[in-house]
Each structure stands twice: as structure tokens, then as C-alpha cells.
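See below for the structure under consideration.
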Amino acid sequence: MSGSSNIREAIGEFINQYPVCEYFFLKTSELTLTPEVKLLAQQDAAAYGERRNVPPAPSPFEECKAIIEQYDNAFLFDAVYEVDDAYDMERCEAARKEHARLVHALSDEFRQRFGDILTLSLSCDLCEDCPCPKKPCRHPEKQVPSIDSYGVQIMKTLADRDIMYDYGIHMAIYFTIILWNGEE
């Protein structure tokens with residue numbers, strides 16, 4: 001059995017213990033990175049301010065790209081949550097926090113199995129009173145910057161794989177990418 005099959009089977013064994021809807025194995029080279037997405041993320045962060053609980057990504061874009069390129073493999077997953085109105089950020093806060101707990105639990109699993117990882121998602125929510133971006137992250141080894149803050153064009157990645165991302169007005173879907181090195 002090849003190393004790739006072993007890793008996929010090992011991940012398949014533990015991933016089913018979590019409320020993940022779909023998951024996909026990618027190479028980091030399959031992610032589309034653009035400085036425009038990073039710029040939009042910076043503008044979005046400025047508009048939402050400290051409510052986002054998102055540690056900032058390094059700047060400039062080239063540094064983010066170089067960090068991503070240090071990893072070989074990407075594990076993309078989504079989770080779906082029932083909400084009153086998926087377009088109302090305030091009403092989706094509980095689902096977002098639930099997703100952040102899932103992201104941190106899965107990141108811990110990947111960290112234990114693969115060592116150094118990079119997790120990109122929607123928000124971090126590790127600390128109730130996140131100091132970012134005014135002060136440094138208290139847990140830089142566990143922080144979760146946003147996917148778009150690194151310039152990842154997630155919608156293109158989803159479209160390229162026919163991944164469903166609209167489950168209707170009463171469902172919030174959140175995506176996460178965990179990057180790691182090793183056999184895959």
C-alpha cells in the first residue's frame with residue numbers, strides 16, 4: 001500500500017469522528033493564490049474591525065504565498081450548521097464559534113500526526129478576548145488566520161472541484177484548509 005493511501009486511510013479513520021460534511025485532499029499547488037484576494041481580506045478586516053477574531057496574515061502577499069508553498073498537502077473540509085439566516089453575521093455567531101472549536105480540534109489531530117501545520121479558516125475564536133490585530137497572538141502556534149488573508153481564492157478551488165457551497169438561507173457552511181508536509 002502506498003504512503004498516500006495510508007495517510008488518506010488514517011485521516012479517514014479519525015475525520016469521521018467529527019461533524020465534517022465533505023473533505024478533499026489537494027496539493028497546495030492546486031490552490032489559487034492572488035494578491036487581489038489578500039487585499040480584499042485586508043479591506044474586509046478593516047470594515048469588521050475586532051469582531052472577527054482573526055489573527056492577521058503576514059504582509060506582503062509574497063510572504064503568505066511563500067509560507068503556503070512550504071507545505072505539500074492541503075486538506076479542505078466543510079461543515080454545515082443550521083441557522084435562522086445565513087446572511088445575518090450576528091445570528092451566525094454561535095455556528096461560527098462551533099466551527100472554530102471543530103477547526104481547533106482537527107488542527108490538534110493533524111498537529112499530533114504530522115507536526116507542523118498551517119490552518120486557514122473563517123475565524124480563530126481560540127481566545128474569548130482575542131488581542132489581534134492590536135497586539136500579538138497569545139497562541140501563535142495554534143492561531144487560525146482566514147483563508148482569504150493568505151490570498152487563497154477559495155471560490156475557485158470549490159468551483160474547480162464542483163464542491164457545493166450553497167445549502168440555502170437556513171444553513172451556514174464554513175470551509176477550512178489544513179496544510180501539512182509528509183507523504184500524500
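By convention in this document, the chains of the C-alpha cells carry letters A, B, ... by their order, each chain's residues are numbered from 1, and ligands are numbered from 1 in the order they are shown.
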
Per residue of range 6-81 of chain A within 12 Å of range 143-150 of chain A, what are the shortest atom pair and its distance in Å to one decimal, counting only C-alpha atoms, with rows by chain and residue number, as a tab-separated table?
residue	atom	partner	partner_atom	distance
A:Leu31	CA	A:Ile147	CA	10.8
A:Thr32	CA	A:Tyr150	CA	10.6
A:Leu33	CA	A:Tyr150	CA	7.7
A:Thr34	CA	A:Tyr150	CA	8.6
A:Pro35	CA	A:Tyr150	CA	8.5
A:Glu36	CA	A:Asp148	CA	9.6
A:Val37	CA	A:Asp148	CA	5.9
A:Lys38	CA	A:Ser149	CA	5.0
A:Leu39	CA	A:Ser149	CA	7.9
A:Leu40	CA	A:Asp148	CA	7.9
A:Ala41	CA	A:Ser149	CA	5.2
A:Gln42	CA	A:Ser149	CA	6.8
A:Gln43	CA	A:Ser149	CA	10.0
A:Asp44	CA	A:Ser149	CA	9.5
A:Ala45	CA	A:Ser149	CA	8.9
A:Ala46	CA	A:Ser149	CA	12.0
A:Arg52	CA	A:Ser146	CA	9.6
A:Asn53	CA	A:Pro145	CA	8.9
A:Val54	CA	A:Pro145	CA	5.5
A:Pro55	CA	A:Pro145	CA	5.1
A:Pro56	CA	A:Pro145	CA	6.1
A:Ala57	CA	A:Ser149	CA	5.6
A:Pro58	CA	A:Tyr150	CA	7.8
A:Ser59	CA	A:Tyr150	CA	8.8
A:Pro60	CA	A:Tyr150	CA	9.4
A:Phe61	CA	A:Tyr150	CA	7.0
A:Glu62	CA	A:Tyr150	CA	9.4
A:Glu63	CA	A:Tyr150	CA	8.9
A:Cys64	CA	A:Tyr150	CA	5.3
A:Lys65	CA	A:Tyr150	CA	7.1
A:Ala66	CA	A:Tyr150	CA	10.1
A:Ile67	CA	A:Tyr150	CA	9.0
A:Ile68	CA	A:Tyr150	CA	8.2
A:Glu69	CA	A:Tyr150	CA	11.4
A:Leu76	CA	A:Ile147	CA	10.9

Those same residues - C-alpha atoms - I'd like them written as an mmCIF file, in the first residue's frame.
data_model
loop_
_atom_site.group_PDB
_atom_site.id
_atom_site.type_symbol
_atom_site.label_atom_id
_atom_site.label_comp_id
_atom_site.auth_asym_id
_atom_site.auth_seq_id
_atom_site.Cartn_x
_atom_site.Cartn_y
_atom_site.Cartn_z
ATOM 1 C CA LEU A 31 -4.733 26.356 -4.556
ATOM 2 C CA THR A 32 -5.103 29.590 -6.496
ATOM 3 C CA LEU A 33 -3.397 32.471 -4.701
ATOM 4 C CA THR A 34 -3.866 36.091 -5.726
ATOM 5 C CA PRO A 35 -2.821 39.411 -4.208
ATOM 6 C CA GLU A 36 -6.301 40.767 -5.011
ATOM 7 C CA VAL A 37 -7.950 38.284 -2.630
ATOM 8 C CA LYS A 38 -5.498 39.261 0.101
ATOM 9 C CA LEU A 39 -6.239 42.950 -0.492
ATOM 10 C CA LEU A 40 -9.988 42.313 -0.233
ATOM 11 C CA ALA A 41 -9.385 40.408 3.022
ATOM 12 C CA GLN A 42 -7.457 43.368 4.421
ATOM 13 C CA GLN A 43 -10.297 45.728 3.470
ATOM 14 C CA ASP A 44 -12.830 43.329 4.985
ATOM 15 C CA ALA A 45 -10.843 43.110 8.235
ATOM 16 C CA ALA A 46 -10.757 46.903 8.441
ATOM 17 C CA ARG A 52 -13.642 38.945 13.519
ATOM 18 C CA ASN A 53 -11.210 37.255 15.959
ATOM 19 C CA VAL A 54 -8.827 36.623 13.084
ATOM 20 C CA PRO A 55 -5.079 36.823 13.545
ATOM 21 C CA PRO A 56 -3.634 38.833 10.676
ATOM 22 C CA ALA A 57 -1.681 37.090 7.944
ATOM 23 C CA PRO A 58 1.824 38.269 7.166
ATOM 24 C CA SER A 59 2.205 41.026 4.682
ATOM 25 C CA PRO A 60 3.052 41.306 1.817
ATOM 26 C CA PHE A 61 1.273 38.760 -0.353
ATOM 27 C CA GLU A 62 4.575 37.204 -1.468
ATOM 28 C CA GLU A 63 5.326 36.232 2.146
ATOM 29 C CA CYS A 64 1.936 34.497 2.502
ATOM 30 C CA LYS A 65 2.494 32.662 -0.767
ATOM 31 C CA ALA A 66 5.967 31.541 0.346
ATOM 32 C CA ILE A 67 4.551 30.210 3.631
ATOM 33 C CA ILE A 68 1.858 28.212 1.821
ATOM 34 C CA GLU A 69 4.426 26.865 -0.649
ATOM 35 C CA LEU A 76 -10.006 21.044 2.579
#

I'd like the neighbourhood of Ala105 in chain A as a list of chain:residue names, where a residue qualifies if any of its atoms comes within 10 Å (using only C-alpha atoms), though same-chain residues fewer than 6 positions away should be ignored.
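My list of contacting residues is A:Tyr18, A:His99, A:Arg111.
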
Please produce an output containing N, CA, C and O atoms for each residue in the selection, written as a CSV table (one decimal), in the first residue's frame.
chain,number,residue,atom,x,y,z
A,18,TYR,N,-15.8,13.5,13.6
A,18,TYR,CA,-16.1,15.0,13.7
A,18,TYR,C,-17.2,15.3,12.8
A,18,TYR,O,-17.4,14.6,11.7
A,99,HIS,N,-17.9,26.1,14.8
A,99,HIS,CA,-17.0,25.7,13.7
A,99,HIS,C,-15.5,26.0,14.2
A,99,HIS,O,-14.7,25.1,13.9
A,111,ARG,N,-1.8,18.2,13.9
A,111,ARG,CA,-0.5,18.6,14.5
A,111,ARG,C,0.1,17.3,15.2
A,111,ARG,O,1.3,17.1,15.1

Which residues, written as number ranges by chain, have at least one atom at most 9 Å from range 70-74 of chain A, with only C-alpha atoms counted and residues fewer than 5 positions away on the same chain left out?
A: 24-31, 65, 117-118, 177-184

Now that the selection is made, can you save its residues with N, CA, C and O atoms as a tab-separated table (two decimals), in the first residue's frame?
chain	number	residue	atom	x	y	z
A	24	PHE	N	-11.67	16.95	1.17
A	24	PHE	CA	-10.94	16.74	-0.07
A	24	PHE	C	-9.45	16.83	0.19
A	24	PHE	O	-9.00	17.65	0.99
A	25	PHE	N	-8.69	15.99	-0.49
A	25	PHE	CA	-7.23	16.02	-0.42
A	25	PHE	C	-6.72	16.76	-1.66
A	25	PHE	O	-7.09	16.41	-2.77
A	26	LEU	N	-5.87	17.76	-1.43
A	26	LEU	CA	-5.32	18.54	-2.52
A	26	LEU	C	-3.82	18.69	-2.32
A	26	LEU	O	-3.30	18.47	-1.23
A	27	LYS	N	-3.16	19.10	-3.35
A	27	LYS	CA	-1.78	19.57	-3.25
A	27	LYS	C	-1.87	21.09	-3.08
A	27	LYS	O	-2.76	21.73	-3.66
A	28	THR	N	-0.95	21.67	-2.34
A	28	THR	CA	-1.00	23.12	-2.18
A	28	THR	C	-0.85	23.83	-3.52
A	28	THR	O	-1.37	24.93	-3.70
A	29	SER	N	-0.19	23.19	-4.47
A	29	SER	CA	-0.05	23.78	-5.81
A	29	SER	C	-1.39	23.92	-6.52
A	29	SER	O	-1.50	24.66	-7.50
A	30	GLU	N	-2.43	23.23	-6.05
A	30	GLU	CA	-3.76	23.32	-6.64
A	30	GLU	C	-4.56	24.50	-6.10
A	30	GLU	O	-5.66	24.77	-6.61
A	31	LEU	N	-4.05	25.18	-5.10
A	31	LEU	CA	-4.73	26.36	-4.56
A	31	LEU	C	-4.37	27.57	-5.41
A	31	LEU	O	-3.21	27.76	-5.75
A	65	LYS	N	2.33	33.68	0.27
A	65	LYS	CA	2.49	32.66	-0.77
A	65	LYS	C	3.67	31.75	-0.45
A	65	LYS	O	3.57	30.52	-0.55
A	117	ILE	N	1.84	22.37	10.97
A	117	ILE	CA	0.71	22.57	10.05
A	117	ILE	C	0.40	24.06	9.96
A	117	ILE	O	0.87	24.84	10.77
A	118	LEU	N	-0.39	24.41	8.97
A	118	LEU	CA	-0.96	25.75	8.87
A	118	LEU	C	-2.45	25.56	8.63
A	118	LEU	O	-2.84	24.86	7.68
A	177	ILE	N	-8.97	24.95	5.52
A	177	ILE	CA	-7.87	24.27	4.84
A	177	ILE	C	-6.77	24.04	5.86
A	177	ILE	O	-6.35	24.99	6.54
A	178	ILE	N	-6.32	22.79	5.97
A	178	ILE	CA	-5.18	22.47	6.82
A	178	ILE	C	-4.05	22.03	5.91
A	178	ILE	O	-4.22	21.10	5.12
A	179	LEU	N	-2.92	22.69	6.01
A	179	LEU	CA	-1.75	22.39	5.19
A	179	LEU	C	-0.73	21.64	6.04
A	179	LEU	O	-0.54	21.96	7.21
A	180	TRP	N	-0.08	20.65	5.43
A	180	TRP	CA	0.95	19.89	6.13
A	180	TRP	C	1.92	19.29	5.13
A	180	TRP	O	1.66	19.31	3.94
A	181	ASN	N	3.02	18.80	5.64
A	181	ASN	CA	4.01	18.12	4.82
A	181	ASN	C	4.01	16.63	5.17
A	181	ASN	O	3.46	16.24	6.19
A	182	GLY	N	4.63	15.86	4.32
A	182	GLY	CA	4.71	14.43	4.56
A	182	GLY	C	4.18	13.69	3.37
A	182	GLY	O	3.85	14.27	2.34
A	183	GLU	N	4.08	12.40	3.53
A	183	GLU	CA	3.59	11.57	2.43
A	183	GLU	C	2.13	11.88	2.16
A	183	GLU	O	1.33	12.00	3.05
A	184	GLU	N	1.78	12.00	0.92
A	184	GLU	CA	0.40	12.18	0.48
A	184	GLU	C	0.37	12.08	-1.03
A	184	GLU	O	1.19	12.58	-1.72

Excluding range 161-174 of chain A and residues on its chain fewer than 2 positions from it, collect all residues at most 7 Å away from it, counting only C-alpha atoms, and give them as a list in words.
Asp78, Ala79, Val80, Tyr81, Glu82, Val83, Asp84, Asp85, Ala86, Leu122, Thr157, Leu158, Ala159 and Thr176 of chain A

Using only C-alpha atoms, can you tell me which of A:Val103, A:Lys134, A:Cys92, A:Lys97 comes closest to Ile15 in chain A?
A:Val103

Tell me which of A:Met89, A:Leu106, A:Ile11, A:Cys21 sits closest to Lys142 in chain A, counting only C-alpha atoms.
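Ranked by minimum distance to Lys142 in chain A, first place goes to A:Leu106.
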
For Glu93 in chain A, which residue out of A:Pro19, A:Asp108, A:Asp125, A:Met155 is the nearest one, using only C-alpha atoms?
A:Asp125

Please return as a VMD selection string: the residues of chain A that backbone DSSP assigns to strand (DSSP E or B).
chain A and resid 22 to 27 33 73 to 82 117 to 121 146 152 171 to 180

Write the selection just made, keeping C-alpha atoms, as an mmCIF file, in the first residue's frame?
data_model
loop_
_atom_site.group_PDB
_atom_site.id
_atom_site.type_symbol
_atom_site.label_atom_id
_atom_site.label_comp_id
_atom_site.auth_asym_id
_atom_site.auth_seq_id
_atom_site.Cartn_x
_atom_site.Cartn_y
_atom_site.Cartn_z
ATOM 1 C CA GLU A 22 -17.254 16.881 2.979
ATOM 2 C CA TYR A 23 -13.485 16.718 2.715
ATOM 3 C CA PHE A 24 -10.938 16.736 -0.071
ATOM 4 C CA PHE A 25 -7.231 16.019 -0.423
ATOM 5 C CA LEU A 26 -5.319 18.543 -2.520
ATOM 6 C CA LYS A 27 -1.783 19.571 -3.250
ATOM 7 C CA LEU A 33 -3.397 32.471 -4.701
ATOM 8 C CA ASN A 73 -0.551 18.883 1.097
ATOM 9 C CA ALA A 74 -3.892 20.522 1.735
ATOM 10 C CA PHE A 75 -6.903 19.021 3.456
ATOM 11 C CA LEU A 76 -10.006 21.044 2.579
ATOM 12 C CA PHE A 77 -13.161 20.390 4.574
ATOM 13 C CA ASP A 78 -16.508 21.980 5.197
ATOM 14 C CA ALA A 79 -19.074 21.839 7.956
ATOM 15 C CA VAL A 80 -22.715 22.871 7.702
ATOM 16 C CA TYR A 81 -24.742 24.463 10.512
ATOM 17 C CA GLU A 82 -28.445 25.179 10.754
ATOM 18 C CA ILE A 117 0.709 22.568 10.054
ATOM 19 C CA LEU A 118 -0.964 25.749 8.866
ATOM 20 C CA THR A 119 -4.695 26.053 9.351
ATOM 21 C CA LEU A 120 -6.717 28.646 7.443
ATOM 22 C CA SER A 121 -10.420 29.110 8.087
ATOM 23 C CA SER A 146 -8.585 33.466 7.466
ATOM 24 C CA VAL A 152 -6.355 31.845 -1.322
ATOM 25 C CA MET A 171 -27.692 26.743 6.545
ATOM 26 C CA ALA A 172 -24.268 28.258 7.128
ATOM 27 C CA ILE A 173 -21.344 26.458 5.526
ATOM 28 C CA TYR A 174 -17.788 27.114 6.624
ATOM 29 C CA PHE A 175 -14.613 25.957 4.879
ATOM 30 C CA THR A 176 -11.215 25.227 6.361
ATOM 31 C CA ILE A 177 -7.873 24.267 4.836
ATOM 32 C CA ILE A 178 -5.184 22.465 6.821
ATOM 33 C CA LEU A 179 -1.748 22.392 5.194
ATOM 34 C CA TRP A 180 0.947 19.887 6.135
#

Range 56-139 of chain A: residues DSSP assigns to alpha helix (DSSP H), reported as a compact mmCIF listing (two decimals) with all heavy atoms, in the first residue's frame:
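Once written, result.txt looks like this:
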# COMPACT_ATOMS: atom_id res chain seq x y z
N PHE A 61 1.83 39.97 0.25
CA PHE A 61 1.27 38.76 -0.35
C PHE A 61 2.35 37.71 -0.62
O PHE A 61 2.14 36.52 -0.39
CB PHE A 61 0.54 39.11 -1.65
CG PHE A 61 0.19 37.92 -2.50
CD1 PHE A 61 -0.85 37.08 -2.14
CD2 PHE A 61 0.94 37.61 -3.63
CE1 PHE A 61 -1.16 35.97 -2.90
CE2 PHE A 61 0.63 36.50 -4.40
CZ PHE A 61 -0.42 35.68 -4.04
N GLU A 62 3.50 38.14 -1.11
CA GLU A 62 4.57 37.20 -1.47
C GLU A 62 5.00 36.37 -0.26
O GLU A 62 5.36 35.20 -0.39
CB GLU A 62 5.78 37.95 -2.06
CG GLU A 62 5.54 38.52 -3.44
CD GLU A 62 4.67 39.79 -3.43
OE1 GLU A 62 4.57 40.48 -2.38
OE2 GLU A 62 4.07 40.09 -4.48
N GLU A 63 4.97 36.97 0.93
CA GLU A 63 5.33 36.23 2.15
C GLU A 63 4.28 35.15 2.45
O GLU A 63 4.62 34.03 2.82
CB GLU A 63 5.47 37.19 3.33
CG GLU A 63 6.05 36.54 4.55
CD GLU A 63 6.29 37.52 5.68
OE1 GLU A 63 6.50 38.72 5.41
OE2 GLU A 63 6.28 37.07 6.84
N CYS A 64 3.01 35.49 2.30
CA CYS A 64 1.94 34.50 2.50
C CYS A 64 2.08 33.34 1.51
O CYS A 64 1.97 32.18 1.89
CB CYS A 64 0.57 35.15 2.33
SG CYS A 64 0.15 36.32 3.61
N LYS A 65 2.33 33.68 0.27
CA LYS A 65 2.49 32.66 -0.77
C LYS A 65 3.67 31.75 -0.45
O LYS A 65 3.57 30.52 -0.55
CB LYS A 65 2.69 33.34 -2.13
CG LYS A 65 2.76 32.38 -3.28
CD LYS A 65 2.86 33.11 -4.61
CE LYS A 65 2.88 32.09 -5.71
NZ LYS A 65 3.39 32.60 -6.96
N ALA A 66 4.78 32.33 0.01
CA ALA A 66 5.97 31.54 0.35
C ALA A 66 5.68 30.60 1.52
O ALA A 66 6.14 29.45 1.53
CB ALA A 66 7.13 32.46 0.68
N ILE A 67 4.91 31.07 2.49
CA ILE A 67 4.55 30.21 3.63
C ILE A 67 3.72 29.03 3.15
O ILE A 67 3.98 27.88 3.51
CB ILE A 67 3.82 31.02 4.72
CG1 ILE A 67 4.80 32.00 5.38
CG2 ILE A 67 3.18 30.09 5.75
CD1 ILE A 67 4.14 33.02 6.28
N ILE A 68 2.71 29.29 2.34
CA ILE A 68 1.86 28.21 1.82
C ILE A 68 2.69 27.22 1.01
O ILE A 68 2.51 26.01 1.12
CB ILE A 68 0.69 28.78 1.01
CG1 ILE A 68 -0.34 29.42 1.97
CG2 ILE A 68 0.02 27.71 0.14
CD1 ILE A 68 -1.50 30.10 1.32
N GLU A 69 3.61 27.73 0.21
CA GLU A 69 4.43 26.86 -0.65
C GLU A 69 5.41 26.00 0.14
O GLU A 69 5.99 25.07 -0.41
CB GLU A 69 5.15 27.70 -1.70
CG GLU A 69 4.19 28.25 -2.75
CD GLU A 69 4.83 29.22 -3.72
OE1 GLU A 69 5.95 29.73 -3.43
OE2 GLU A 69 4.20 29.51 -4.75
N GLU A 93 -23.23 33.81 14.75
CA GLU A 93 -22.08 33.80 15.66
C GLU A 93 -21.91 32.47 16.39
O GLU A 93 -20.80 31.95 16.51
CB GLU A 93 -22.17 34.94 16.67
CG GLU A 93 -20.93 35.03 17.52
CD GLU A 93 -20.91 36.26 18.41
OE1 GLU A 93 -21.71 37.18 18.21
OE2 GLU A 93 -20.07 36.27 19.32
N ALA A 94 -22.99 31.87 16.86
CA ALA A 94 -22.89 30.59 17.57
C ALA A 94 -22.36 29.50 16.63
O ALA A 94 -21.51 28.69 17.03
CB ALA A 94 -24.23 30.18 18.15
N ALA A 95 -22.82 29.49 15.39
CA ALA A 95 -22.34 28.49 14.42
C ALA A 95 -20.87 28.72 14.11
O ALA A 95 -20.09 27.77 14.01
CB ALA A 95 -23.17 28.56 13.14
N ARG A 96 -20.47 29.97 13.99
CA ARG A 96 -19.07 30.32 13.72
C ARG A 96 -18.18 29.84 14.86
O ARG A 96 -17.12 29.26 14.64
CB ARG A 96 -18.93 31.82 13.52
CG ARG A 96 -17.53 32.27 13.18
CD ARG A 96 -17.47 33.79 13.05
NE ARG A 96 -17.99 34.44 14.24
CZ ARG A 96 -17.23 34.89 15.24
NH1 ARG A 96 -15.94 34.78 15.18
NH2 ARG A 96 -17.78 35.47 16.28
N LYS A 97 -18.63 30.04 16.10
CA LYS A 97 -17.84 29.60 17.26
C LYS A 97 -17.80 28.08 17.34
O LYS A 97 -16.77 27.50 17.70
CB LYS A 97 -18.40 30.21 18.54
CG LYS A 97 -18.09 31.68 18.65
CD LYS A 97 -18.55 32.26 19.96
CE LYS A 97 -18.18 33.73 19.97
NZ LYS A 97 -17.69 34.16 21.24
N GLU A 98 -18.90 27.43 17.00
CA GLU A 98 -18.91 25.97 16.97
C GLU A 98 -17.92 25.46 15.92
O GLU A 98 -17.18 24.51 16.14
CB GLU A 98 -20.32 25.46 16.68
CG GLU A 98 -20.45 23.96 16.75
CD GLU A 98 -21.87 23.49 16.53
OE1 GLU A 98 -22.83 24.27 16.71
OE2 GLU A 98 -22.03 22.30 16.17
N HIS A 99 -17.90 26.14 14.77
CA HIS A 99 -16.97 25.75 13.72
C HIS A 99 -15.52 25.98 14.19
O HIS A 99 -14.65 25.15 13.92
CB HIS A 99 -17.24 26.50 12.43
CG HIS A 99 -16.39 26.02 11.30
ND1 HIS A 99 -16.57 24.79 10.72
CD2 HIS A 99 -15.33 26.59 10.66
CE1 HIS A 99 -15.66 24.61 9.77
NE2 HIS A 99 -14.90 25.69 9.72
N ALA A 100 -15.27 27.08 14.88
CA ALA A 100 -13.92 27.34 15.38
C ALA A 100 -13.47 26.23 16.33
O ALA A 100 -12.31 25.80 16.28
CB ALA A 100 -13.87 28.70 16.07
N ARG A 101 -14.36 25.72 17.17
CA ARG A 101 -14.00 24.61 18.07
C ARG A 101 -13.65 23.37 17.26
O ARG A 101 -12.68 22.66 17.56
CB ARG A 101 -15.14 24.31 19.05
CG ARG A 101 -15.25 25.35 20.16
CD ARG A 101 -16.23 24.94 21.24
NE ARG A 101 -17.61 24.89 20.79
CZ ARG A 101 -18.44 25.92 20.74
NH1 ARG A 101 -18.05 27.11 21.14
NH2 ARG A 101 -19.68 25.77 20.32
N LEU A 102 -14.42 23.11 16.20
CA LEU A 102 -14.14 21.98 15.31
C LEU A 102 -12.77 22.16 14.65
O LEU A 102 -11.96 21.23 14.59
CB LEU A 102 -15.23 21.86 14.24
CG LEU A 102 -14.96 20.89 13.09
CD1 LEU A 102 -14.86 19.46 13.59
CD2 LEU A 102 -16.07 21.03 12.04
N VAL A 103 -12.50 23.35 14.16
CA VAL A 103 -11.24 23.65 13.49
C VAL A 103 -10.06 23.41 14.44
O VAL A 103 -9.06 22.79 14.06
CB VAL A 103 -11.24 25.09 12.94
CG1 VAL A 103 -9.84 25.53 12.51
CG2 VAL A 103 -12.22 25.22 11.79
N HIS A 104 -10.17 23.88 15.67
CA HIS A 104 -9.07 23.70 16.62
C HIS A 104 -8.89 22.23 16.98
O HIS A 104 -7.76 21.75 17.11
CB HIS A 104 -9.27 24.57 17.85
CG HIS A 104 -9.00 26.01 17.58
ND1 HIS A 104 -7.74 26.50 17.34
CD2 HIS A 104 -9.84 27.07 17.46
CE1 HIS A 104 -7.81 27.80 17.10
NE2 HIS A 104 -9.07 28.17 17.17
N ALA A 105 -9.98 21.49 17.12
CA ALA A 105 -9.86 20.06 17.43
C ALA A 105 -9.19 19.31 16.28
O ALA A 105 -8.29 18.49 16.51
CB ALA A 105 -11.25 19.47 17.72
N LEU A 106 -9.61 19.59 15.05
CA LEU A 106 -8.99 18.92 13.90
C LEU A 106 -7.54 19.37 13.71
O LEU A 106 -6.68 18.56 13.34
CB LEU A 106 -9.80 19.17 12.63
CG LEU A 106 -11.03 18.29 12.48
CD1 LEU A 106 -11.88 18.71 11.30
CD2 LEU A 106 -10.62 16.83 12.34
N SER A 107 -7.26 20.62 13.96
CA SER A 107 -5.88 21.10 13.87
C SER A 107 -5.00 20.35 14.87
O SER A 107 -3.87 19.97 14.55
CB SER A 107 -5.82 22.61 14.13
OG SER A 107 -6.45 23.31 13.09
N ASP A 108 -5.51 20.14 16.07
CA ASP A 108 -4.76 19.37 17.07
C ASP A 108 -4.49 17.95 16.58
O ASP A 108 -3.39 17.43 16.75
CB ASP A 108 -5.50 19.34 18.41
CG ASP A 108 -5.46 20.68 19.14
OD1 ASP A 108 -4.62 21.54 18.78
OD2 ASP A 108 -6.27 20.85 20.08
N GLU A 109 -5.49 17.32 15.97
CA GLU A 109 -5.31 15.96 15.41
C GLU A 109 -4.20 15.96 14.35
O GLU A 109 -3.32 15.11 14.36
CB GLU A 109 -6.60 15.45 14.77
CG GLU A 109 -7.67 15.06 15.73
CD GLU A 109 -7.61 13.59 16.13
OE1 GLU A 109 -6.70 12.85 15.72
OE2 GLU A 109 -8.51 13.18 16.88
N PHE A 110 -4.27 16.91 13.43
CA PHE A 110 -3.26 16.99 12.36
C PHE A 110 -1.88 17.30 12.94
O PHE A 110 -0.88 16.73 12.50
CB PHE A 110 -3.66 18.05 11.33
CG PHE A 110 -4.52 17.51 10.21
CD1 PHE A 110 -5.86 17.28 10.42
CD2 PHE A 110 -3.97 17.22 8.98
CE1 PHE A 110 -6.66 16.78 9.40
CE2 PHE A 110 -4.76 16.72 7.94
CZ PHE A 110 -6.11 16.50 8.16
N ARG A 111 -1.82 18.20 13.92
CA ARG A 111 -0.54 18.57 14.54
C ARG A 111 0.09 17.35 15.21
O ARG A 111 1.30 17.12 15.09
CB ARG A 111 -0.78 19.68 15.56
CG ARG A 111 0.44 20.51 15.88
CD ARG A 111 0.12 21.71 16.78
NE ARG A 111 -0.53 22.77 16.03
CZ ARG A 111 -1.83 23.10 16.13
NH1 ARG A 111 -2.63 22.45 16.94
NH2 ARG A 111 -2.33 24.06 15.41
N GLN A 112 -0.72 16.54 15.90
CA GLN A 112 -0.21 15.34 16.55
C GLN A 112 0.32 14.33 15.54
O GLN A 112 1.32 13.66 15.78
CB GLN A 112 -1.30 14.68 17.40
CG GLN A 112 -1.64 15.44 18.65
CD GLN A 112 -2.83 14.84 19.37
OE1 GLN A 112 -3.32 13.76 19.03
NE2 GLN A 112 -3.32 15.54 20.38
N ARG A 113 -0.33 14.22 14.40
CA ARG A 113 0.04 13.23 13.40
C ARG A 113 1.13 13.69 12.43
O ARG A 113 1.92 12.88 11.96
CB ARG A 113 -1.19 12.79 12.62
CG ARG A 113 -2.20 12.06 13.48
CD ARG A 113 -3.52 11.89 12.78
NE ARG A 113 -4.55 11.43 13.67
CZ ARG A 113 -4.81 10.15 13.93
NH1 ARG A 113 -4.12 9.22 13.34
NH2 ARG A 113 -5.78 9.83 14.76
N PHE A 114 1.13 14.99 12.10
CA PHE A 114 2.01 15.49 11.04
C PHE A 114 3.00 16.56 11.50
O PHE A 114 3.79 17.03 10.70
CB PHE A 114 1.19 16.04 9.88
CG PHE A 114 0.23 15.03 9.29
CD1 PHE A 114 -1.13 15.19 9.46
CD2 PHE A 114 0.70 13.92 8.61
CE1 PHE A 114 -2.02 14.25 8.93
CE2 PHE A 114 -0.18 12.99 8.09
CZ PHE A 114 -1.53 13.15 8.25

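Remark: for Gly115 in chain A, the closest of the candidate residues A:Glu141, A:Pro133, A:Val20, A:Phe14 is A:Glu141 (distances computed over only C-alpha atoms).
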
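The spacing separating CA of Cys132 in chain A from CA of Gln153 in chain A amounts to 23.2 Å.
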